[in-house]
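Novice: Sharing protein_30.cif, mmCIF, C-alpha atoms:
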```
data_run
loop_
_atom_site.label_atom_id
_atom_site.label_comp_id
_atom_site.auth_asym_id
_atom_site.auth_seq_id
_atom_site.Cartn_x
_atom_site.Cartn_y
_atom_site.Cartn_z
CA MET A 1 176.13 131.89 0.55
CA ASP A 2 177.11 133.75 -2.63
CA GLU A 3 175.71 137.13 -1.60
CA PRO A 4 174.35 138.32 1.78
CA GLY A 5 171.01 140.10 1.94
CA ARG A 6 167.50 140.18 3.40
CA ILE A 7 164.24 138.97 1.86
CA ALA A 8 160.77 138.18 3.20
CA VAL A 9 158.47 135.42 1.93
CA ALA A 10 155.38 133.63 3.25
CA GLY A 11 156.81 131.53 6.09
CA LYS A 12 154.14 128.82 6.28
CA LEU A 13 154.28 128.23 2.51
CA LEU A 14 158.08 128.09 2.53
CA SER A 15 158.01 125.64 5.45
CA ASP A 16 155.55 123.35 3.66
CA ILE A 17 157.65 123.39 0.49
CA VAL A 18 160.92 122.62 2.28
CA ALA A 19 159.29 119.80 4.27
CA SER A 20 158.24 118.10 1.02
CA LEU A 21 161.59 118.36 -0.77
CA PRO A 22 163.95 115.40 -1.30
CA ASN A 23 167.21 115.12 0.62
CA LYS A 24 169.18 117.24 -1.85
CA GLU A 25 170.82 120.64 -1.91
CA VAL A 26 168.37 123.58 -2.01
CA GLU A 27 169.22 126.76 -3.90
CA MET A 28 167.47 130.10 -3.39
CA THR A 29 167.90 133.00 -5.82
CA GLN A 30 166.20 136.41 -5.88
CA GLU A 31 164.97 137.73 -9.22
CA ASP A 32 163.24 141.09 -9.15
CA SER A 33 160.07 140.69 -7.02
CA LYS A 34 160.26 136.95 -6.56
CA VAL A 35 162.54 134.28 -5.16
CA LEU A 36 163.37 131.07 -7.03
CA LEU A 37 163.79 127.88 -5.03
CA THR A 38 165.21 124.81 -6.73
CA CYS A 39 165.97 121.33 -5.42
CA GLY A 40 166.81 118.58 -7.86
CA SER A 41 164.17 118.76 -10.59
CA SER A 42 161.73 120.73 -8.37
CA ARG A 43 161.38 124.47 -8.97
CA PHE A 44 159.26 127.01 -7.10
CA GLU A 45 158.65 130.73 -7.61
CA LEU A 46 157.50 132.66 -4.54
CA PRO A 47 156.51 136.35 -4.47
CA LEU A 48 158.54 138.55 -2.14
CA ILE A 49 156.94 140.47 0.71
CA PRO A 50 158.14 144.10 0.88
CA LEU A 51 160.53 144.44 3.81
CA ASP A 52 158.75 147.64 4.86
CA ASP A 53 155.59 145.57 5.39
CA TYR A 54 157.38 143.10 7.65
CA PRO A 55 156.66 143.92 11.30
CA GLN A 56 159.47 145.03 13.59
CA LEU A 57 160.57 142.11 15.75
CA PRO A 58 160.31 142.76 19.51
CA VAL A 59 163.48 142.94 21.56
CA LEU A 60 164.03 139.88 23.76
CA PRO A 61 163.53 140.75 27.46
CA GLU A 62 166.40 140.22 29.90
CA VAL A 63 167.20 136.57 30.63
CA THR A 64 165.46 135.32 33.79
CA GLY A 65 166.97 131.83 33.98
CA THR A 66 168.09 128.71 32.10
CA ILE A 67 166.76 125.17 31.87
CA ASN A 68 167.88 121.87 30.42
CA PRO A 69 166.25 121.52 26.96
CA GLN A 70 165.19 117.88 27.43
CA LEU A 71 163.53 118.72 30.75
CA PHE A 72 161.79 121.77 29.26
CA VAL A 73 160.42 119.85 26.27
CA GLU A 74 159.20 116.99 28.47
CA ALA A 75 157.44 119.39 30.87
CA ILE A 76 155.73 121.20 27.98
CA SER A 77 154.48 117.96 26.43
CA GLN A 78 153.03 116.84 29.74
CA VAL A 79 151.04 119.96 30.60
CA VAL A 80 149.77 121.16 27.20
CA ALA A 81 147.75 117.93 26.93
CA ALA A 82 145.30 119.42 29.45
CA ALA A 83 145.14 122.98 28.05
CA GLY A 84 141.83 124.32 26.78
CA LYS A 85 141.14 125.17 23.15
CA ASP A 86 138.09 127.41 23.64
CA ASP A 87 139.14 130.96 22.77
CA THR A 88 136.12 132.34 24.64
CA LEU A 89 137.94 131.23 27.82
CA PRO A 90 141.42 132.63 27.12
CA MET A 91 142.70 131.96 30.65
CA LEU A 92 142.33 128.22 30.00
CA THR A 93 144.16 128.25 26.65
CA GLY A 94 147.45 129.05 28.36
CA VAL A 95 150.03 127.31 30.50
CA HIS A 96 150.47 128.92 33.89
CA ILE A 97 154.15 129.12 34.87
CA ALA A 98 154.80 129.94 38.53
CA ILE A 99 158.44 130.72 39.33
CA ASN A 100 159.72 130.80 42.91
CA GLY A 101 163.49 130.95 43.01
CA SER A 102 164.85 127.71 41.54
CA HIS A 103 161.43 126.03 41.64
CA VAL A 104 159.10 126.13 38.61
CA GLU A 105 155.51 124.86 38.43
CA MET A 106 153.72 124.55 35.08
CA THR A 107 149.94 124.00 35.07
CA ALA A 108 147.22 123.75 32.43
CA THR A 109 143.52 122.89 32.63
CA ASP A 110 140.42 122.88 30.44
CA ARG A 111 138.03 122.31 33.43
CA PHE A 112 137.72 118.58 32.68
CA ARG A 113 141.35 117.64 33.42
CA LEU A 114 144.40 119.32 34.86
CA ALA A 115 148.12 118.69 34.39
CA MET A 116 150.84 120.00 36.71
CA ARG A 117 154.60 119.55 36.34
CA THR A 118 157.26 120.83 38.73
CA PHE A 119 161.00 121.05 38.14
CA GLU A 120 164.15 122.94 39.10
CA TRP A 121 165.94 125.46 36.91
CA GLU A 122 168.84 127.93 37.14
CA PRO A 123 167.50 131.46 37.78
CA VAL A 124 169.77 134.49 37.39
CA ALA A 125 168.61 135.63 40.85
CA ASP A 126 167.78 133.31 43.77
CA ASN A 127 164.82 135.44 44.87
CA VAL A 128 163.09 135.61 41.48
CA GLU A 129 159.29 135.28 41.60
CA ALA A 130 156.85 135.45 38.72
CA LYS A 131 153.48 134.16 37.52
CA LEU A 132 153.19 133.89 33.74
CA LEU A 133 150.41 132.76 31.42
CA VAL A 134 151.83 131.64 28.08
CA PRO A 135 149.66 130.44 25.13
CA ALA A 136 149.74 126.65 25.19
CA LYS A 137 149.82 126.36 21.40
CA THR A 138 152.93 128.55 21.23
CA LEU A 139 154.68 126.53 23.94
CA GLN A 140 153.74 123.29 22.20
CA ASP A 141 155.13 124.46 18.85
CA THR A 142 158.29 125.69 20.57
CA GLY A 143 158.80 122.38 22.33
CA ARG A 144 158.38 120.41 19.12
CA SER A 145 160.94 122.51 17.26
CA LEU A 146 163.68 122.63 19.92
CA ASP A 147 166.72 120.47 19.17
CA THR A 148 167.21 118.58 22.43
CA HIS A 149 170.29 116.76 21.10
CA LEU A 150 172.39 119.94 21.32
CA ASN A 151 172.14 119.86 25.13
CA ILE A 152 172.59 123.64 25.22
CA PRO A 153 170.61 125.27 28.09
CA VAL A 154 167.48 127.12 27.02
CA GLU A 155 167.30 130.71 28.24
CA ILE A 156 163.89 131.93 29.41
CA ALA A 157 163.62 135.70 29.14
CA VAL A 158 160.80 137.60 30.86
CA GLY A 159 162.92 140.27 32.55
CA THR A 160 164.64 140.62 35.91
CA GLY A 161 164.01 142.37 39.22
CA GLU A 162 160.95 144.60 39.25
CA ASN A 163 160.68 144.35 35.46
CA ILE A 164 159.74 140.65 35.39
CA ALA A 165 156.84 140.18 32.93
CA ALA A 166 156.44 143.96 32.75
CA GLU A 167 156.62 143.95 28.96
CA GLY A 168 154.08 141.14 28.62
CA LEU A 169 156.51 139.15 26.47
CA PHE A 170 157.70 135.57 26.96
CA GLY A 171 161.12 135.20 25.36
CA LEU A 172 163.17 132.11 24.66
CA HIS A 173 166.73 131.82 23.41
CA ALA A 174 168.23 128.50 22.38
CA ASP A 175 171.48 128.20 20.43
CA ASN A 176 171.05 130.56 17.44
CA ARG A 177 167.29 130.90 17.79
CA GLU A 178 165.14 133.53 19.52
CA THR A 179 161.38 133.32 20.05
CA THR A 180 159.04 135.87 21.61
CA THR A 181 155.32 135.63 22.19
CA ARG A 182 152.75 137.88 23.82
CA MET A 183 151.57 136.45 27.14
CA LEU A 184 147.86 136.14 27.88
CA ASP A 185 146.32 139.01 29.81
CA ALA A 186 144.00 136.88 31.93
CA ASP A 187 143.77 135.42 35.43
CA PHE A 188 144.49 131.71 35.68
CA PRO A 189 142.13 129.98 38.13
CA ASN A 190 143.32 128.83 41.55
CA VAL A 191 143.61 125.08 41.06
CA ALA A 192 145.29 124.16 44.36
CA PRO A 193 141.99 123.24 46.13
CA LEU A 194 141.22 120.73 43.35
CA LEU A 195 144.23 118.53 44.15
CA PRO A 196 143.36 115.93 46.80
CA LYS A 197 145.87 115.41 49.59
CA SER A 198 144.61 111.94 50.50
CA HIS A 199 142.76 109.07 48.83
CA THR A 200 140.42 106.31 49.93
CA ALA A 201 141.83 103.88 47.37
CA MET A 202 144.89 103.58 45.12
CA ALA A 203 145.70 101.42 42.13
CA SER A 204 148.88 100.70 40.15
CA ILE A 205 148.58 99.48 36.56
CA GLU A 206 151.00 98.85 33.71
CA VAL A 207 150.54 101.67 31.19
CA ALA A 208 150.99 99.95 27.81
CA PRO A 209 148.40 97.15 28.32
CA LEU A 210 145.96 99.70 29.78
CA GLN A 211 146.34 101.96 26.74
CA GLU A 212 145.67 99.04 24.39
CA ALA A 213 142.65 97.89 26.40
CA ILE A 214 141.17 101.40 26.40
CA ARG A 215 141.69 101.63 22.64
CA ARG A 216 139.77 98.38 22.10
CA VAL A 217 136.98 98.87 24.62
CA SER A 218 136.35 102.51 23.66
CA LEU A 219 135.35 101.36 20.17
CA LEU A 220 131.98 100.58 21.77
CA THR A 221 131.55 103.92 23.55
CA ASP A 222 128.70 106.12 22.40
CA ARG A 223 130.39 109.20 20.88
CA ASN A 224 133.37 108.78 23.19
CA ALA A 225 131.01 109.22 26.15
CA GLN A 226 132.55 107.10 28.90
CA ILE A 227 134.57 104.06 29.76
CA ARG A 228 133.81 102.34 33.06
CA MET A 229 136.60 101.04 35.30
CA GLU A 230 135.77 98.59 38.07
CA PHE A 231 138.64 97.94 40.47
CA SER A 232 138.83 94.96 42.82
CA GLU A 233 141.59 92.94 44.43
CA GLY A 234 144.27 92.21 41.84
CA GLU A 235 142.39 93.39 38.75
CA VAL A 236 140.53 96.14 36.92
CA THR A 237 137.72 95.56 34.43
CA LEU A 238 137.12 98.07 31.66
CA ALA A 239 133.64 98.22 30.16
CA ALA A 240 131.81 100.28 27.56
CA GLY A 241 128.50 99.88 25.82
CA ALA A 242 126.26 101.56 23.29
CA ASP A 243 123.43 100.64 20.93
CA SER A 244 126.01 98.89 18.76
CA GLY A 245 127.03 96.48 21.51
CA ARG A 246 129.14 96.09 24.64
CA ALA A 247 132.83 95.43 25.36
CA THR A 248 134.76 94.42 28.49
CA GLU A 249 138.39 93.62 29.22
CA THR A 250 140.13 92.70 32.49
CA LEU A 251 143.73 93.58 33.37
CA PRO A 252 145.88 92.78 36.40
CA CYS A 253 146.51 95.66 38.80
CA ALA A 254 147.54 96.33 42.39
CA PHE A 255 144.54 97.78 44.25
CA ASN A 256 144.34 98.87 47.89
CA GLY A 257 141.94 100.72 50.16
CA ARG A 258 138.53 99.24 49.34
CA ASP A 259 136.99 95.92 48.42
CA SER A 260 135.95 97.43 45.08
CA PHE A 261 135.64 100.79 43.38
CA VAL A 262 133.76 101.85 40.22
CA ILE A 263 134.44 105.05 38.29
CA ALA A 264 134.00 106.22 34.69
CA PHE A 265 136.11 108.56 32.52
CA ASN A 266 136.08 110.10 29.08
CA PRO A 267 138.37 107.67 27.19
CA SER A 268 140.11 110.41 25.19
CA TYR A 269 141.06 112.35 28.31
CA LEU A 270 142.17 109.12 29.97
CA LYS A 271 144.40 108.22 27.00
CA ASP A 272 145.87 111.73 26.92
CA GLY A 273 146.93 111.39 30.55
CA LEU A 274 148.43 107.94 30.12
CA GLY A 275 150.39 109.19 27.11
CA VAL A 276 152.30 111.77 29.16
CA VAL A 277 152.98 109.82 32.37
CA HIS A 278 156.31 108.62 30.91
CA THR A 279 156.72 105.60 33.21
CA ASP A 280 155.96 101.90 32.75
CA ARG A 281 153.27 101.96 35.43
CA VAL A 282 150.71 104.58 36.45
CA VAL A 283 149.23 105.11 39.90
CA PHE A 284 145.60 106.19 40.31
CA GLY A 285 144.39 107.91 43.48
CA PHE A 286 140.64 107.89 44.19
CA THR A 287 138.37 109.55 46.75
CA GLU A 288 134.79 109.05 45.52
CA PRO A 289 133.34 107.97 42.13
CA SER A 290 131.96 111.50 41.68
CA ARG A 291 135.20 113.29 42.66
CA PRO A 292 138.34 113.92 40.56
CA ALA A 293 141.00 111.20 40.46
CA ILE A 294 144.72 111.68 40.05
CA MET A 295 147.16 109.87 37.79
CA ILE A 296 150.87 110.02 38.61
CA PRO A 297 154.04 108.16 37.56
CA GLU A 298 154.56 105.18 39.85
CA PRO A 299 156.96 106.14 42.69
CA GLU A 300 159.62 103.82 44.05
CA GLU A 301 157.36 103.02 47.01
CA LEU A 302 153.59 103.36 47.30
CA PRO A 303 152.40 105.08 50.50
CA GLU A 304 151.07 103.14 53.47
CA ALA A 305 147.54 103.84 54.69
CA ASN A 306 147.05 106.37 57.50
CA GLU A 307 145.28 105.50 60.75
CA ASP A 308 141.97 106.55 59.21
CA GLY A 309 142.54 104.19 56.26
CA THR A 310 143.31 106.90 53.69
CA PHE A 311 146.46 107.12 51.58
CA PRO A 312 148.52 110.33 51.31
CA THR A 313 149.38 111.58 47.84
CA PRO A 314 152.91 110.35 46.99
CA GLU A 315 155.67 112.85 46.28
CA THR A 316 155.68 113.41 42.52
CA ASP A 317 156.83 115.95 39.95
CA PHE A 318 153.83 115.30 37.66
CA THR A 319 150.11 115.08 38.40
CA TYR A 320 147.26 114.56 35.95
CA LEU A 321 143.87 115.26 37.55
CA LEU A 322 140.85 113.86 35.73
CA MET A 323 137.17 114.62 36.29
CA PRO A 324 135.02 111.49 36.20
CA VAL A 325 131.90 111.00 34.10
CA ARG A 326 128.72 110.49 36.10
CA LEU A 327 127.62 106.88 36.09
CA PRO A 328 123.96 106.11 35.27
CA GLY A 329 121.88 105.98 38.44
#
```
Could you spell out this file's structure in C-alpha cells?
Specialist:
Amino acid sequence: MDEPGRIAVAGKLLSDIVASLPNKEVEMTQEDSKVLLTCGSSRFELPLIPLDDYPQLPVLPEVTGTINPQLFVEAISQVVAAAGKDDTLPMLTGVHIAINGSHVEMTATDRFRLAMRTFEWEPVADNVEAKLLVPAKTLQDTGRSLDTHLNIPVEIAVGTGENIAAEGLFGLHADNRETTTRMLDADFPNVAPLLPKSHTAMASIEVAPLQEAIRRVSLLTDRNAQIRMEFSEGEVTLAAGADSGRATETLPCAFNGRDSFVIAFNPSYLKDGLGVVHTDRVVFGFTEPSRPAIMIPEPEELPEANEDGTFPTPETDFTYLLMPVRLPG
C-alpha cells in the first residue's frame, strides 16, 4: 500500500469485477471522485460513494462462544437447504439456533421439509441459553465465504449473561473478518412434535446411485410433481409418469419392517436432502405413506425392532424430515 486511506464504492459491482479479472496484480488508485482499477490490460473507473453517506457499522456484540469453522460451514449447508424463501412467512426464512450450554441445535423448515443439525461448541459460559432466528440467506452467504482451511475457531457474538440477543444482532468474527446481521423478529414454529420417535419400516440405500436414478426418472415427472418409491425386500423401485411417458428404475436396498411400502416425494426436495446427508448411504424411516419420513446418515448399526415391531429412531446429529406427496387414490 502506497498511501493509507478510506474510500467507499459499490460493493457488489466491485466484487463482480474482481471475480472476472485474470490472475494478475490489481492496482487501485483514487482520482478526485472516482477510483481507477487496473489489472493487466483491463481498466475500470468506478464512482466513489461519499463516506458521509456510508452507514455506521454496528458494534459486534460480546462473544458468546466459538466453533470449529469446518463444523459450522457443514451445519449451515445442511440446514439452509430446508429454509423457506417466502418473505410473507418471515419466521420460515430463518435458521433457528437453540443454544443450551455446549449443545447447539440448528433447524430450518419451509413446511414441506425440515432439516435439523446438532453439534457441540465452546461457550464462554457453561450455563448459556439462547434461541436465535438468523436469516438463512445471510448464514448461507457467510458459510460460503468462510475460509475453512485456516482452522481458526469462529467466534459467535450475540452477547453474554442477561444481554444475550438483547441487541437483536447476530455477530460473527473469523480471523480478520467481522459480520453482523439483524436477526428476525418472529416466532419459529415448534417442530419437535413433527419428528417421529419410531418407525414401522426402515430402508438403507447407497446415496450416489439413488441420486442418479432420481435424476433420470424425474425427467418424466409432470412439473416436478412426484416420484414414487416402492420398497420391498432387497430393492426399491422408482417410478414417475406424465403425458409424455413413464420411467422406472430399480436399485438394491436393505429394507425391514414390512413386506412392501409405497410412498411418493417431490423429487427436488428429495434430491436436496440426499445432497446434504454427507455419507455414502442414507437411512429412511417410515410410519405411513401419508406421514412425514426421515432421512438420516447411516449409523454404524441400524436399530433392532421393538416388541411391537416398530424401529426407534437411531441416534444422529442430522435429520432431514420430508413430507410425502399424496398418491392418486
Novice: Pick the closest to A:Thr179 from A:Val134, A:Ala264, A:Val104, A:Leu60: which is it, counting only C-alpha atoms?
Specialist: A:Leu60
Novice: Using all atoms listed in the file, find the one residue out of A:Val154, A:Leu210, A:Val277, A:Ile227 that sits nearest to A:Gln70.
Specialist: A:Val154
Novice: What is the distance, in Å and to one decimal place, between atom CA of A:Pro61 and atom CA of A:Gln140?
Specialist: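 Separation of atom CA of A:Pro61 and atom CA of A:Gln140: 20.7 Å.
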Novice: Run the PyMOL selection byres ((chain A and resi 5-15) around 6) on the file and write out the hits as a count of residues only.
Specialist: 6
Novice: I need the residue set behind the PyMOL selection byres ((chain A and resi 232) around 8) for this file; please write it as number ranges by chain.
Specialist: A: 230-231, 233-236, 255, 258-261
Novice: Give me, as a list in words, all polymer residues having an atom no more than 9 Å from A:Glu45, counting only C-alpha atoms and skipping those fewer than 5 positions away in the same chain.
Specialist: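 In the requested form, the answer reads Lys34, Val35, Leu36, Leu37 and Thr38 of chain A.
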Novice: Since the input is missing atoms for stretch 229-253 of chain A, could you rebuild it with N, CA, C and O atoms and give the result as a compact mmCIF listing (two decimals), in the frame of the given file?
Specialist:
```
# COMPACT_ATOMS: atom_id res chain seq x y z
N MET A 229 135.49 101.79 34.73
CA MET A 229 136.60 101.04 35.30
C MET A 229 136.17 100.52 36.67
O MET A 229 135.83 101.31 37.56
N GLU A 230 136.15 99.21 36.80
CA GLU A 230 135.77 98.59 38.07
C GLU A 230 137.00 97.90 38.67
O GLU A 230 137.52 96.92 38.12
N PHE A 231 137.46 98.45 39.80
CA PHE A 231 138.64 97.94 40.47
C PHE A 231 138.25 96.98 41.59
O PHE A 231 137.29 97.22 42.33
N SER A 232 138.99 95.90 41.72
CA SER A 232 138.83 94.96 42.82
C SER A 232 140.20 94.36 43.10
O SER A 232 141.19 94.71 42.43
N GLU A 233 140.30 93.48 44.04
CA GLU A 233 141.59 92.94 44.43
C GLU A 233 142.30 92.26 43.25
O GLU A 233 141.81 91.30 42.68
N GLY A 234 143.44 92.83 42.86
CA GLY A 234 144.27 92.21 41.84
C GLY A 234 143.88 92.47 40.41
O GLY A 234 144.59 92.00 39.50
N GLU A 235 142.80 93.21 40.15
CA GLU A 235 142.39 93.39 38.75
C GLU A 235 141.52 94.63 38.57
O GLU A 235 140.95 95.16 39.53
N VAL A 236 141.43 95.07 37.33
CA VAL A 236 140.53 96.14 36.92
C VAL A 236 139.82 95.69 35.66
O VAL A 236 140.44 95.14 34.74
N THR A 237 138.51 95.91 35.61
CA THR A 237 137.72 95.56 34.43
C THR A 237 137.24 96.82 33.75
O THR A 237 136.60 97.67 34.38
N LEU A 238 137.57 96.95 32.47
CA LEU A 238 137.12 98.07 31.66
C LEU A 238 135.86 97.65 30.92
O LEU A 238 135.80 96.52 30.39
N ALA A 239 134.89 98.55 30.84
CA ALA A 239 133.64 98.22 30.16
C ALA A 239 133.10 99.46 29.46
O ALA A 239 133.25 100.58 29.93
N ALA A 240 132.47 99.22 28.32
CA ALA A 240 131.81 100.28 27.56
C ALA A 240 130.68 99.66 26.77
O ALA A 240 130.76 98.49 26.37
N GLY A 241 129.63 100.42 26.57
CA GLY A 241 128.50 99.88 25.82
C GLY A 241 127.72 100.98 25.14
O GLY A 241 127.70 102.13 25.60
N ALA A 242 127.11 100.64 24.04
CA ALA A 242 126.26 101.56 23.29
C ALA A 242 125.23 100.72 22.55
O ALA A 242 125.13 99.51 22.73
N ASP A 243 124.44 101.38 21.70
CA ASP A 243 123.43 100.64 20.93
C ASP A 243 124.06 99.59 20.04
O ASP A 243 123.43 98.59 19.69
N SER A 244 125.33 99.82 19.67
CA SER A 244 126.01 98.89 18.76
C SER A 244 126.56 97.66 19.46
O SER A 244 127.04 96.73 18.80
N GLY A 245 126.53 97.65 20.80
CA GLY A 245 127.03 96.48 21.51
C GLY A 245 127.74 96.85 22.80
O GLY A 245 127.63 97.98 23.28
N ARG A 246 128.46 95.90 23.35
CA ARG A 246 129.14 96.09 24.64
C ARG A 246 130.50 95.39 24.60
O ARG A 246 130.66 94.36 23.96
N ALA A 247 131.48 96.00 25.30
CA ALA A 247 132.83 95.43 25.36
C ALA A 247 133.35 95.48 26.78
O ALA A 247 133.09 96.45 27.52
N THR A 248 134.09 94.45 27.19
CA THR A 248 134.76 94.42 28.49
C THR A 248 136.15 93.82 28.32
O THR A 248 136.39 93.04 27.40
N GLU A 249 137.05 94.20 29.21
CA GLU A 249 138.39 93.62 29.22
C GLU A 249 138.95 93.77 30.64
O GLU A 249 138.79 94.81 31.26
N THR A 250 139.59 92.72 31.13
CA THR A 250 140.13 92.70 32.49
C THR A 250 141.65 92.67 32.45
O THR A 250 142.24 91.92 31.67
N LEU A 251 142.27 93.50 33.29
CA LEU A 251 143.73 93.58 33.37
C LEU A 251 144.17 93.39 34.82
O LEU A 251 143.44 93.76 35.75
N PRO A 252 145.37 92.86 35.03
CA PRO A 252 145.88 92.78 36.40
C PRO A 252 146.29 94.16 36.91
O PRO A 252 146.75 95.01 36.14
N CYS A 253 146.08 94.40 38.19
CA CYS A 253 146.51 95.66 38.80
C CYS A 253 146.65 95.46 40.30
O CYS A 253 146.06 94.54 40.88
```
